[in-house]
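*Asks:* Handing you this structure, nothing more for now.
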Amino acid sequence: MKHVLGAVCGASALLLAVPGMAETTLTIATVNNGDMIRMQGLTAEFTKKNPDIAVKWVTLEENVLRQRVTTDIATKGGQFDVLTIGTYEVPIWAKKGWLVPLANLGGDYDVADLLPKIKDAVSVDGKLYAAPFYGESSMVMYRTDLFEKAGLKMPEKPTWDFVVDAAKKLTDKSAGTYGICLRGKAGWGENMAFLSAMANSYGARWFDEKWQPQFNTPEWKTTLTTYVNLMKEAGPPGASSNGFNENLALFNAGKCAMWIDATVAASFVTNPKDSKVADKVGFALAPNTGLGKNANWLWAWNLAIPAGSKKTEAAEKFIAWATSKDYTKLVASKEGWANVPPGTRTSLYQNPDYLKVAPFAKLTLASIDAADPNKPTVKPVPYVGVQYAAIPEFQGIGTQVGQQFSAALAGSMTVDAALTAAQSATEREMKRAGYIK
Amino acid sequence: MARMATTRRVVVSTIGAWFFGFLIFFPILWMVLASFKTELEAFAVPPSFLLFHWTTENYATVQERSDYFHHAMNSIIIAGGSTLIALLIAIPAAWSMAFSPTKRTKDILLWMLSTKMMPPVGVLVPIYLIYKSFGLLDSRIGLVFILCLGNLPIVIWMLFTYFKEIPRDILEAARMDGATIGRELVYVLTPMAIPGLASTLLLNLILAWNEAFWTLNLSTSNAAPLTTFIASYSSPEGLFWAKLSAASTLAIAPILVLGWFSQKQLVRGLTFGAVK
């Protein structure tokens with residue numbers, strides 16, 4: 001018994017020992033993406049310049065981070081000083097007063113240099129609520145060797161008809177090569193990011209001007225039928241559980257002739273350290289159907305300050321440092337131009353050093369320019385966002401619809417049944433939230 | 001003839017047991033193997049089983065990027081602390097319910113278990129607000145407290161079942177010899193309940209070690225245990241499977257070793273009362 005008591009006392013003493021803090025310590029929440037890992041590695045450069053500021057990193061899985069940060073921000077917990085959030089959250093959280101507007105980024109920050117589409121996505125009423133760390137759109141990545149062998153030539157602006165046709169011709173299941181790899185894993189940020197962007201190119205939309213869900217329209221039916229049939233004929237097996245990472249692994253292993261996904265993937269698939277097909281990759285804009293919209297999305301990971309933070313001044317200093325032109329130069333000097341965070345600044349796409357090592361730079365910029373979060377679809381919509389609708393309810397609805405569409409891809413449900421289920425689920429949620437009666 | 005049939009049965013059941021054992025162990029083995037591969041080999045199709053270029057590079061990277069020992073220490077304190085406190089509360093509770101049951105004992109037990117039926121996320125916001133008010137966010141003591149509360153129903157139930165298996169006649173015999181309640185508890189009951197106590201302790205330790213809801217949501221950096229250490233290697237955009245495997249291997253290693261060494265007690269405790 002004495003031992004037990006001793007152990008308990010010892011444990012309690014250890015529990016009470018909390019390390020002391022002498023300076024401003026910033027707690028920064030982020031995700032484990034390559035560019036963020038590099039930023040963590042370069043923290044010492046920031047603290048060298050700002051010796052009174054210490055930095056602590058909290059890296060979490062994307063969905064855990066979202067839940068963790070939302071809880072903290074909604075309860076004003078004040079656990080974080082800088083948050084890594086997506087373009088989806090910025091307008092919603094800014095309107096709720098959860099974010100501190102970034103007004104003191106410094107004279108040499110050059111806000112005008114930020115890519116206009118990305119800047120729009122992180123601004124509300126002309127005020128910047130987050131600073132873009134890296135931005136992305138989506139595009140077609142394809143195997144130049146397989147295209148050549150099949151006698152095909154990828155146009156710079158391919159149509160869906162061309163992509164479908166080429167995917168079928170390039171599929172050689174006996175050799176384990178598939179014509180096309182696309183996202184199938186359910187989730188608003190997984191299959192629905194791709195499918196919403198694809199639907200935009202077919203003239204579909206999530207909601208009409210009066211917030212009525214539109215899954216009962218012929219445009220959505222064409223989109224989903226084309227997707228399911230294409231994946232059945234030319235996609236890899238088990239595609240309904242493939243997300244970004246799974247497809248990246250397949251493409252890097254030489255299993256996909258085409259892959260339509262985030263532009264940031266371009267630097268992964270062309271890196272000989274990670275990819276078996278590094279020197280055989282070409283790029284093209286995401287497909288269209290001639291209606292004026294391409295099937296490409298717009299996303300950026302951004303740094304923002306939660307309203308609960310008591311260290312806003314130091315936090316803004318960090319954000320200004322991590323999203324500045326100088327930071328890009330710092331990464332280039334330490335890790336090479338190919339590894340700088342892409343998609344946020346115009347100056348990067350005019351830099352000859354970057355253009356030399358990034359054959360995908362031109363198309364990344366063209367893709368970002370082609371996406372318009374304020375006018376994402378052919379027909380008018382009441383929401384902002386290309387592959388999402390920036391309303392708080394979207395995460396839940398998007399994932400529910402994603403599950404139906406993933407089931408349609410897996411073959412456990414017909415396309416019609418999936419669309420009917422998506423329509424009724426969305427209607428129910430939108431009624432509950434008071435958008436429609 | 002009969003002997004041959006028996007031998008055959010033994011061989012078949014041994015092979016069967018090894019097969020199922022291997023099947024259950026396979027995901028862990030695969031994770032350990034992946035942690036020694038390069039990122040390129042970790043997702044190679046078809047995957048290579050043993051014939052790959054073995055490297056410890058991932059472990060070096062993981063250790064360089066995050067402080068494993070800080071997280072491991074937090075895990076030990078949180079899992080150990082919550083288990084010890086849970087046992088201190090649960091032993092008298094289970095003892096009184098097993099040996100002096102009342103009309104309401106069954107209801108109390110069921111009521112305690114009912115707290116486990118609610119998904120924890122349902123009380124996340126109230127708990128978060130309480131923790132914020134008391135300054136318990138990102139503190140080890142806060143995590144010890146919540147994990148202790150979370151596992152208490154299971155601990156009480158397990159101990160209650162073990163205590164109930166102890167024949168009452170033995171206690172009566174002790175009482176006839178003039179033993180007081182205290183002596184009865186220390187000299188008669190405890191030695192008989194040790195296997196049960198040991199397995200409850202171990203199981204609770206494993207549950208607390210692996211708990212990944214409260215530990216992720218209530219900690220940021222100071223009190224972050226190994227669950228957040230693993231979570232920091234999962235990436236939405238990037239293939240870091242080998243590094244994730246290395247981090248996971250490091251995170252489960254201590255509890256795996258502990259489980260290995262205490263296997264005998266664990267099995268004895270879990271089958272306690274089954275053989276009479």
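Ligands are numbered from 1 in the order shown, chains are lettered A, B, ... in the order of the structure tokens, and residues start at 1 in each chain.
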Which of range 194-234 of chain B counts as helix (DSSP H, G or I) under DSSP, as a list in words please?

*Replies:*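 Those in range 194-234 of chain B that DSSP calls helix (DSSP H, G or I) are Ile194, Pro195, Gly196, Leu197, Ala198, Ser199, Thr200, Leu201, Leu202, Leu203, Asn204, Leu205, Ile206, Leu207, Ala208, Trp209, Asn210, Trp214, Thr215, Leu216, Asn217, Leu218, Leu226, Thr227, Thr228, Phe229, Ile230 and Ala231 of chain B.
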
*Asks:* Give me a file of those residues, with N, CA and C atoms, as a short mmCIF file (atom, residue, chain, number, x, y, z; two decimals), in the first residue's frame.

*Replies:*
data_model
loop_
_atom_site.label_atom_id
_atom_site.label_comp_id
_atom_site.auth_asym_id
_atom_site.auth_seq_id
_atom_site.Cartn_x
_atom_site.Cartn_y
_atom_site.Cartn_z
N ILE B 194 -5.51 -10.70 -6.85
CA ILE B 194 -4.37 -10.12 -7.59
C ILE B 194 -4.40 -10.37 -9.11
N PRO B 195 -4.69 -11.60 -9.55
CA PRO B 195 -4.73 -11.76 -11.01
C PRO B 195 -5.77 -10.84 -11.66
N GLY B 196 -6.91 -10.72 -11.02
CA GLY B 196 -7.96 -9.84 -11.54
C GLY B 196 -7.51 -8.40 -11.54
N LEU B 197 -6.88 -7.99 -10.45
CA LEU B 197 -6.39 -6.61 -10.35
C LEU B 197 -5.35 -6.33 -11.42
N ALA B 198 -4.44 -7.31 -11.58
CA ALA B 198 -3.35 -7.12 -12.55
C ALA B 198 -3.91 -6.96 -13.95
N SER B 199 -4.88 -7.82 -14.31
CA SER B 199 -5.37 -7.72 -15.68
C SER B 199 -6.20 -6.45 -15.86
N THR B 200 -6.93 -6.03 -14.82
CA THR B 200 -7.68 -4.77 -14.93
C THR B 200 -6.71 -3.61 -15.14
N LEU B 201 -5.64 -3.63 -14.34
CA LEU B 201 -4.64 -2.58 -14.44
C LEU B 201 -4.05 -2.51 -15.85
N LEU B 202 -3.69 -3.69 -16.36
CA LEU B 202 -3.06 -3.71 -17.68
C LEU B 202 -4.02 -3.27 -18.78
N LEU B 203 -5.25 -3.78 -18.70
CA LEU B 203 -6.22 -3.44 -19.73
C LEU B 203 -6.51 -1.94 -19.71
N ASN B 204 -6.64 -1.41 -18.51
CA ASN B 204 -6.92 0.01 -18.38
C ASN B 204 -5.75 0.85 -18.88
N LEU B 205 -4.55 0.36 -18.61
CA LEU B 205 -3.35 1.05 -19.06
C LEU B 205 -3.32 1.10 -20.59
N ILE B 206 -3.67 -0.03 -21.22
CA ILE B 206 -3.68 -0.09 -22.69
C ILE B 206 -4.77 0.83 -23.24
N LEU B 207 -5.95 0.80 -22.61
CA LEU B 207 -7.04 1.67 -23.07
C LEU B 207 -6.64 3.14 -22.98
N ALA B 208 -6.02 3.51 -21.85
CA ALA B 208 -5.63 4.90 -21.65
C ALA B 208 -4.50 5.29 -22.60
N TRP B 209 -3.59 4.35 -22.85
CA TRP B 209 -2.47 4.60 -23.75
C TRP B 209 -2.96 4.89 -25.17
N ASN B 210 -4.00 4.13 -25.58
CA ASN B 210 -4.49 4.24 -26.96
C ASN B 210 -5.58 5.29 -27.12
N TRP B 214 -9.99 12.26 -26.48
CA TRP B 214 -9.74 13.33 -25.51
C TRP B 214 -8.30 13.82 -25.57
N THR B 215 -7.37 12.88 -25.75
CA THR B 215 -5.97 13.30 -25.77
C THR B 215 -5.69 14.23 -26.96
N LEU B 216 -6.37 13.97 -28.09
CA LEU B 216 -6.15 14.84 -29.25
C LEU B 216 -6.86 16.18 -29.08
N ASN B 217 -8.03 16.14 -28.44
CA ASN B 217 -8.84 17.36 -28.38
C ASN B 217 -8.49 18.28 -27.21
N LEU B 218 -7.94 17.73 -26.16
CA LEU B 218 -7.69 18.57 -24.98
C LEU B 218 -6.22 18.92 -24.80
N LEU B 226 1.52 10.31 -27.04
CA LEU B 226 1.94 9.68 -28.30
C LEU B 226 0.84 9.65 -29.36
N THR B 227 -0.42 9.75 -28.95
CA THR B 227 -1.48 9.76 -29.97
C THR B 227 -1.34 10.98 -30.88
N THR B 228 -1.00 12.13 -30.31
CA THR B 228 -0.82 13.32 -31.15
C THR B 228 0.47 13.21 -31.96
N PHE B 229 1.42 12.49 -31.39
CA PHE B 229 2.69 12.23 -32.10
C PHE B 229 2.41 11.48 -33.39
N ILE B 230 1.56 10.44 -33.31
CA ILE B 230 1.21 9.69 -34.53
C ILE B 230 0.42 10.58 -35.48
N ALA B 231 -0.58 11.29 -34.91
CA ALA B 231 -1.46 12.10 -35.76
C ALA B 231 -0.68 13.15 -36.56
#

*Asks:* Please, which residues in chain A fall within 7 Å of chain B when counting only C-alpha atoms, and what is the closest atom pair and distance in Å to one decimal for each, ordered by chain then residue number, as a tab-separated table?

*Replies:*
residue	atom	partner	partner_atom	distance
A:Ala11	CA	B:Gly81	CA	6.2
A:Leu15	CA	B:Ile141	CA	5.6
A:Val31	CA	B:Ser235	CA	6.8
A:Asn32	CA	B:Ser235	CA	4.9
A:Asn33	CA	B:Glu237	CA	5.7
A:Gly34	CA	B:Gly238	CA	6.5
A:Val58	CA	B:Thr220	CA	6.1
A:Thr59	CA	B:Ser232	CA	4.6
A:Leu60	CA	B:Ser232	CA	4.5
A:Glu61	CA	B:Ser234	CA	5.4
A:Glu62	CA	B:Pro236	CA	6.4
A:Arg68	CA	B:Asn217	CA	5.6
A:Thr71	CA	B:Val125	CA	6.8
A:Thr75	CA	B:Leu129	CA	6.5
A:Gly77	CA	B:Lys132	CA	6.1
A:Phe244	CA	B:Glu237	CA	6.7
A:Asn245	CA	B:Leu239	CA	6.1
A:Ala249	CA	B:Phe43	CA	6.1
A:Ala253	CA	B:Ala44	CA	6.4
A:Asp274	CA	B:Leu40	CA	5.5

*Asks:* Set the distance at 12 Å and use only C-alpha atoms: which residues neighbour Val111 in chain A once local chain neighbours fewer than 4 positions away are removed? I'd like the list as a PDB file with N, CA and C atoms, in the first residue's frame.

*Replies:*
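Below you can see around-v9.pdb, which holds the result:
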ATOM      1  N   LEU A 102      -6.031  40.776 -40.992  1.00  0.00           N
ATOM      2  CA  LEU A 102      -4.583  41.001 -41.053  1.00  0.00           C
ATOM      3  C   LEU A 102      -4.310  42.378 -41.656  1.00  0.00           C
ATOM      4  N   ALA A 103      -4.110  43.362 -40.812  1.00  0.00           N
ATOM      5  CA  ALA A 103      -3.929  44.730 -41.304  1.00  0.00           C
ATOM      6  C   ALA A 103      -2.484  45.205 -41.180  1.00  0.00           C
ATOM      7  N   ASN A 104      -1.668  44.489 -40.411  1.00  0.00           N
ATOM      8  CA  ASN A 104      -0.293  44.957 -40.169  1.00  0.00           C
ATOM      9  C   ASN A 104       0.761  43.957 -40.638  1.00  0.00           C
ATOM     10  N   LEU A 105       0.660  43.582 -41.900  1.00  0.00           N
ATOM     11  CA  LEU A 105       1.616  42.590 -42.398  1.00  0.00           C
ATOM     12  C   LEU A 105       2.961  43.217 -42.754  1.00  0.00           C
ATOM     13  N   GLY A 106       3.038  44.532 -42.687  1.00  0.00           N
ATOM     14  CA  GLY A 106       4.326  45.210 -42.931  1.00  0.00           C
ATOM     15  C   GLY A 106       4.371  45.858 -44.299  1.00  0.00           C
ATOM     16  N   GLY A 107       5.200  46.876 -44.433  1.00  0.00           N
ATOM     17  CA  GLY A 107       5.279  47.654 -45.662  1.00  0.00           C
ATOM     18  C   GLY A 107       5.758  46.861 -46.863  1.00  0.00           C
ATOM     19  N   LEU A 115      -1.829  36.337 -55.859  1.00  0.00           N
ATOM     20  CA  LEU A 115      -2.639  36.026 -57.036  1.00  0.00           C
ATOM     21  C   LEU A 115      -4.080  36.466 -56.765  1.00  0.00           C
ATOM     22  N   PRO A 116      -4.686  37.226 -57.694  1.00  0.00           N
ATOM     23  CA  PRO A 116      -5.997  37.833 -57.412  1.00  0.00           C
ATOM     24  C   PRO A 116      -7.070  36.827 -56.962  1.00  0.00           C
ATOM     25  N   ILE A 118      -6.715  33.963 -55.493  1.00  0.00           N
ATOM     26  CA  ILE A 118      -6.415  33.445 -54.156  1.00  0.00           C
ATOM     27  C   ILE A 118      -6.697  34.531 -53.119  1.00  0.00           C
ATOM     28  N   LYS A 119      -6.308  35.747 -53.464  1.00  0.00           N
ATOM     29  CA  LYS A 119      -6.546  36.862 -52.532  1.00  0.00           C
ATOM     30  C   LYS A 119      -8.045  37.034 -52.288  1.00  0.00           C
ATOM     31  N   ASP A 120      -8.829  36.938 -53.356  1.00  0.00           N
ATOM     32  CA  ASP A 120     -10.294  37.025 -53.220  1.00  0.00           C
ATOM     33  C   ASP A 120     -10.812  35.961 -52.264  1.00  0.00           C
ATOM     34  N   VAL A 122      -9.508  34.623 -49.728  1.00  0.00           N
ATOM     35  CA  VAL A 122      -9.212  34.771 -48.299  1.00  0.00           C
ATOM     36  C   VAL A 122      -9.587  36.173 -47.782  1.00  0.00           C
ATOM     37  N   SER A 123     -10.338  36.901 -48.610  1.00  0.00           N
ATOM     38  CA  SER A 123     -10.770  38.237 -48.177  1.00  0.00           C
ATOM     39  C   SER A 123     -12.284  38.263 -48.009  1.00  0.00           C
ATOM     40  N   GLY A 126     -13.287  43.052 -48.736  1.00  0.00           N
ATOM     41  CA  GLY A 126     -12.036  43.739 -49.041  1.00  0.00           C
ATOM     42  C   GLY A 126     -10.960  43.639 -47.974  1.00  0.00           C
ATOM     43  N   LYS A 127     -11.261  42.968 -46.863  1.00  0.00           N
ATOM     44  CA  LYS A 127     -10.249  42.833 -45.807  1.00  0.00           C
ATOM     45  C   LYS A 127      -9.645  41.435 -45.844  1.00  0.00           C
ATOM     46  N   LEU A 128      -8.322  41.379 -45.672  1.00  0.00           N
ATOM     47  CA  LEU A 128      -7.629  40.097 -45.690  1.00  0.00           C
ATOM     48  C   LEU A 128      -7.769  39.427 -44.308  1.00  0.00           C
ATOM     49  N   ALA A 130      -6.849  36.057 -43.850  1.00  0.00           N
ATOM     50  CA  ALA A 130      -5.846  35.003 -43.767  1.00  0.00           C
ATOM     51  C   ALA A 130      -4.823  35.269 -44.851  1.00  0.00           C
ATOM     52  N   ALA A 131      -3.598  34.771 -44.641  1.00  0.00           N
ATOM     53  CA  ALA A 131      -2.573  34.965 -45.663  1.00  0.00           C
ATOM     54  C   ALA A 131      -2.300  33.620 -46.316  1.00  0.00           C
ATOM     55  N   PRO A 132      -2.379  33.562 -47.660  1.00  0.00           N
ATOM     56  CA  PRO A 132      -2.199  32.274 -48.342  1.00  0.00           C
ATOM     57  C   PRO A 132      -0.764  31.755 -48.205  1.00  0.00           C
ATOM     58  N   ALA A 320       3.375  37.114 -41.555  1.00  0.00           N
ATOM     59  CA  ALA A 320       4.010  37.954 -42.578  1.00  0.00           C
ATOM     60  C   ALA A 320       5.311  37.307 -43.054  1.00  0.00           C
ATOM     61  N   THR A 323       4.640  33.933 -45.245  1.00  0.00           N
ATOM     62  CA  THR A 323       3.959  34.046 -46.535  1.00  0.00           C
ATOM     63  C   THR A 323       4.583  35.154 -47.402  1.00  0.00           C
ATOM     64  N   SER A 324       5.796  35.588 -47.014  1.00  0.00           N
ATOM     65  CA  SER A 324       6.431  36.696 -47.737  1.00  0.00           C
ATOM     66  C   SER A 324       7.234  36.220 -48.946  1.00  0.00           C
ATOM     67  N   LYS A 325       7.678  37.178 -49.750  1.00  0.00           N
ATOM     68  CA  LYS A 325       8.552  36.847 -50.881  1.00  0.00           C
ATOM     69  C   LYS A 325       9.905  36.358 -50.361  1.00  0.00           C
ATOM     70  N   THR A 344       0.683  31.245 -54.780  1.00  0.00           N
ATOM     71  CA  THR A 344       0.166  32.377 -54.011  1.00  0.00           C
ATOM     72  C   THR A 344       0.584  33.734 -54.566  1.00  0.00           C
ATOM     73  N   ARG A 345       1.757  33.792 -55.202  1.00  0.00           N
ATOM     74  CA  ARG A 345       2.261  35.108 -55.608  1.00  0.00           C
ATOM     75  C   ARG A 345       2.559  35.176 -57.105  1.00  0.00           C
ATOM     76  N   THR A 346       2.185  36.311 -57.699  1.00  0.00           N
ATOM     77  CA  THR A 346       2.419  36.521 -59.127  1.00  0.00           C
ATOM     78  C   THR A 346       3.918  36.507 -59.429  1.00  0.00           C
ATOM     79  N   SER A 347       4.710  37.121 -58.528  1.00  0.00           N
ATOM     80  CA  SER A 347       6.142  37.248 -58.794  1.00  0.00           C
ATOM     81  C   SER A 347       6.826  35.892 -58.982  1.00  0.00           C
TER      82      SER A 347
END

*Asks:* Excluding same-chain residues fewer than 4 positions from Met36 in chain A, what lies within 10 Å of it counting only C-alpha atoms, as a PyMOL selection string?

*Replies:* chain A and resi 30-32+40-42+59+84+133-134+301+322+341

*Asks:* Got a sec: who's within 12 Å of range 20-29 of chain B, counting only C-alpha atoms, leaving out chain neighbours fewer than 2 positions off, as a PyMOL selection string?

*Replies:* chain B and resi 13-18+31-36+49-50+245-246+248-253+256

*Asks:* Keeping only N, CA and C atoms, take the residues you just selected and write them out as an mmCIF file, in the first residue's frame.

*Replies:*
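Full text of again.cif as output:
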data_model
loop_
_atom_site.group_PDB
_atom_site.id
_atom_site.type_symbol
_atom_site.label_atom_id
_atom_site.label_comp_id
_atom_site.auth_asym_id
_atom_site.auth_seq_id
_atom_site.Cartn_x
_atom_site.Cartn_y
_atom_site.Cartn_z
ATOM 1 N N SER B 13 -4.787 -28.152 -35.233
ATOM 2 C CA SER B 13 -5.170 -26.991 -34.418
ATOM 3 C C SER B 13 -3.977 -26.074 -34.161
ATOM 4 N N THR B 14 -2.766 -26.663 -34.074
ATOM 5 C CA THR B 14 -1.584 -25.813 -33.896
ATOM 6 C C THR B 14 -1.377 -24.932 -35.121
ATOM 7 N N ILE B 15 -1.467 -25.565 -36.293
ATOM 8 C CA ILE B 15 -1.293 -24.788 -37.526
ATOM 9 C C ILE B 15 -2.372 -23.714 -37.613
ATOM 10 N N GLY B 16 -3.594 -24.115 -37.282
ATOM 11 C CA GLY B 16 -4.711 -23.161 -37.311
ATOM 12 C C GLY B 16 -4.451 -21.987 -36.388
ATOM 13 N N ALA B 17 -4.003 -22.293 -35.158
ATOM 14 C CA ALA B 17 -3.756 -21.231 -34.171
ATOM 15 C C ALA B 17 -2.664 -20.291 -34.657
ATOM 16 N N TRP B 18 -1.589 -20.880 -35.217
ATOM 17 C CA TRP B 18 -0.496 -20.046 -35.737
ATOM 18 C C TRP B 18 -0.966 -19.172 -36.890
ATOM 19 N N MET B 31 3.244 -2.802 -40.581
ATOM 20 C CA MET B 31 3.595 -1.437 -40.188
ATOM 21 C C MET B 31 5.089 -1.358 -39.831
ATOM 22 N N VAL B 32 5.564 -2.351 -39.073
ATOM 23 C CA VAL B 32 6.976 -2.356 -38.674
ATOM 24 C C VAL B 32 7.862 -2.474 -39.914
ATOM 25 N N LEU B 33 7.475 -3.363 -40.848
ATOM 26 C CA LEU B 33 8.261 -3.519 -42.080
ATOM 27 C C LEU B 33 8.279 -2.215 -42.877
ATOM 28 N N ALA B 34 7.097 -1.584 -42.993
ATOM 29 C CA ALA B 34 7.016 -0.337 -43.771
ATOM 30 C C ALA B 34 7.894 0.753 -43.169
ATOM 31 N N SER B 35 8.077 0.700 -41.855
ATOM 32 C CA SER B 35 8.873 1.750 -41.212
ATOM 33 C C SER B 35 10.352 1.643 -41.589
ATOM 34 N N PHE B 36 10.755 0.482 -42.128
ATOM 35 C CA PHE B 36 12.153 0.304 -42.545
ATOM 36 C C PHE B 36 12.335 0.462 -44.058
ATOM 37 N N PHE B 49 7.885 -7.818 -49.612
ATOM 38 C CA PHE B 49 7.672 -8.269 -48.238
ATOM 39 C C PHE B 49 8.930 -8.113 -47.383
ATOM 40 N N LEU B 50 9.985 -8.797 -47.759
ATOM 41 C CA LEU B 50 11.217 -8.678 -46.974
ATOM 42 C C LEU B 50 12.408 -8.214 -47.814
ATOM 43 N N SER B 245 4.586 5.053 -40.398
ATOM 44 C CA SER B 245 4.776 3.718 -39.820
ATOM 45 C C SER B 245 5.840 3.746 -38.738
ATOM 46 N N ALA B 246 6.909 4.496 -38.985
ATOM 47 C CA ALA B 246 7.971 4.586 -37.983
ATOM 48 C C ALA B 246 7.443 5.247 -36.712
ATOM 49 N N SER B 248 4.321 5.309 -35.696
ATOM 50 C CA SER B 248 3.385 4.396 -35.048
ATOM 51 C C SER B 248 4.122 3.284 -34.320
ATOM 52 N N THR B 249 5.180 2.757 -34.949
ATOM 53 C CA THR B 249 5.946 1.691 -34.309
ATOM 54 C C THR B 249 6.528 2.182 -32.989
ATOM 55 N N LEU B 250 7.089 3.396 -33.022
ATOM 56 C CA LEU B 250 7.660 3.958 -31.801
ATOM 57 C C LEU B 250 6.583 4.148 -30.735
ATOM 58 N N ALA B 251 5.374 4.520 -31.178
ATOM 59 C CA ALA B 251 4.308 4.805 -30.218
ATOM 60 C C ALA B 251 3.776 3.548 -29.554
ATOM 61 N N ILE B 252 3.711 2.445 -30.306
ATOM 62 C CA ILE B 252 3.137 1.239 -29.693
ATOM 63 C C ILE B 252 4.194 0.390 -28.996
ATOM 64 N N ALA B 253 5.467 0.662 -29.285
ATOM 65 C CA ALA B 253 6.528 -0.194 -28.746
ATOM 66 C C ALA B 253 6.467 -0.361 -27.213
ATOM 67 N N LEU B 256 3.541 -2.502 -26.158
ATOM 68 C CA LEU B 256 3.680 -3.850 -26.711
ATOM 69 C C LEU B 256 4.637 -4.664 -25.841
#

*Asks:* Please, what distance in Å, to one decimal, runs between CA of Leu146 in chain A and CA of Leu248 in chain A?

*Replies:*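 It comes out at 17.5 Å.
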
*Asks:* What is the distance, in Å and to one decimal place, between CA of Met176 in chain B and CA of Tyr162 in chain B?

*Replies:*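 For CA of Met176 in chain B relative to CA of Tyr162 in chain B, the distance reads 23.3 Å.
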
*Asks:* Near Lys293 in chain A, within 10 Å and counting only C-alpha atoms, which residues show up once chain neighbours fewer than 6 positions away are dropped, as a PDB file with N, CA and C atoms, in the first residue's frame?

*Replies:*
ATOM      1  N   ALA A 197     -16.216  19.965 -59.037  1.00  0.00           N
ATOM      2  CA  ALA A 197     -15.520  20.680 -60.100  1.00  0.00           C
ATOM      3  C   ALA A 197     -15.894  20.094 -61.460  1.00  0.00           C
ATOM      4  N   MET A 198     -15.997  18.752 -61.531  1.00  0.00           N
ATOM      5  CA  MET A 198     -16.378  18.105 -62.792  1.00  0.00           C
ATOM      6  C   MET A 198     -17.804  18.528 -63.175  1.00  0.00           C
ATOM      7  N   ALA A 199     -18.689  18.555 -62.167  1.00  0.00           N
ATOM      8  CA  ALA A 199     -20.081  18.936 -62.418  1.00  0.00           C
ATOM      9  C   ALA A 199     -20.165  20.372 -62.941  1.00  0.00           C
ATOM     10  N   ASN A 200     -19.323  21.252 -62.409  1.00  0.00           N
ATOM     11  CA  ASN A 200     -19.301  22.639 -62.897  1.00  0.00           C
ATOM     12  C   ASN A 200     -19.049  22.685 -64.402  1.00  0.00           C
ATOM     13  N   SER A 201     -18.138  21.808 -64.856  1.00  0.00           N
ATOM     14  CA  SER A 201     -17.802  21.830 -66.283  1.00  0.00           C
ATOM     15  C   SER A 201     -18.950  21.272 -67.130  1.00  0.00           C
ATOM     16  N   TYR A 202     -19.825  20.496 -66.520  1.00  0.00           N
ATOM     17  CA  TYR A 202     -20.986  19.963 -67.246  1.00  0.00           C
ATOM     18  C   TYR A 202     -22.210  20.877 -67.104  1.00  0.00           C
ATOM     19  N   GLY A 203     -22.006  22.042 -66.499  1.00  0.00           N
ATOM     20  CA  GLY A 203     -23.112  22.994 -66.360  1.00  0.00           C
ATOM     21  C   GLY A 203     -23.994  22.738 -65.146  1.00  0.00           C
ATOM     22  N   ALA A 286      -7.624  21.155 -66.765  1.00  0.00           N
ATOM     23  CA  ALA A 286      -8.696  20.209 -66.461  1.00  0.00           C
ATOM     24  C   ALA A 286      -9.729  20.238 -67.585  1.00  0.00           C
ATOM     25  N   PRO A 287     -10.374  19.092 -67.876  1.00  0.00           N
ATOM     26  CA  PRO A 287     -11.261  19.004 -69.041  1.00  0.00           C
ATOM     27  C   PRO A 287     -12.491  19.915 -68.955  1.00  0.00           C
ATOM     28  N   ALA A 370      -8.136  30.096 -64.099  1.00  0.00           N
ATOM     29  CA  ALA A 370      -9.374  29.647 -64.736  1.00  0.00           C
ATOM     30  C   ALA A 370     -10.482  29.370 -63.726  1.00  0.00           C
ATOM     31  N   ALA A 371     -10.133  29.280 -62.441  1.00  0.00           N
ATOM     32  CA  ALA A 371     -11.166  28.993 -61.440  1.00  0.00           C
ATOM     33  C   ALA A 371     -11.630  30.304 -60.816  1.00  0.00           C
ATOM     34  N   ASP A 372     -12.937  30.450 -60.687  1.00  0.00           N
ATOM     35  CA  ASP A 372     -13.452  31.683 -60.106  1.00  0.00           C
ATOM     36  C   ASP A 372     -14.421  31.360 -58.965  1.00  0.00           C
ATOM     37  N   LYS A 375     -17.764  33.137 -59.268  1.00  0.00           N
ATOM     38  CA  LYS A 375     -18.663  32.703 -60.347  1.00  0.00           C
ATOM     39  C   LYS A 375     -18.249  31.298 -60.757  1.00  0.00           C
ATOM     40  N   PRO A 376     -18.515  30.317 -59.903  1.00  0.00           N
ATOM     41  CA  PRO A 376     -17.937  28.992 -60.131  1.00  0.00           C
ATOM     42  C   PRO A 376     -18.637  28.169 -61.213  1.00  0.00           C
ATOM     43  N   THR A 377     -19.886  28.486 -61.520  1.00  0.00           N
ATOM     44  CA  THR A 377     -20.668  27.597 -62.379  1.00  0.00           C
ATOM     45  C   THR A 377     -21.182  28.323 -63.616  1.00  0.00           C
ATOM     46  N   VAL A 378     -21.709  27.518 -64.557  1.00  0.00           N
ATOM     47  CA  VAL A 378     -22.246  28.104 -65.785  1.00  0.00           C
ATOM     48  C   VAL A 378     -23.477  28.947 -65.447  1.00  0.00           C
TER      49      VAL A 378
END

*Asks:* For each of B:Val155, B:Ala94, B:Val188, B:Val10, take the minimum atom-to-atom distance to Arg168 in chain B, counting only C-alpha atoms, then give the residue where this is smallest.

*Replies:*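 Among the listed residues, B:Val188 lies closest to Arg168 in chain B.
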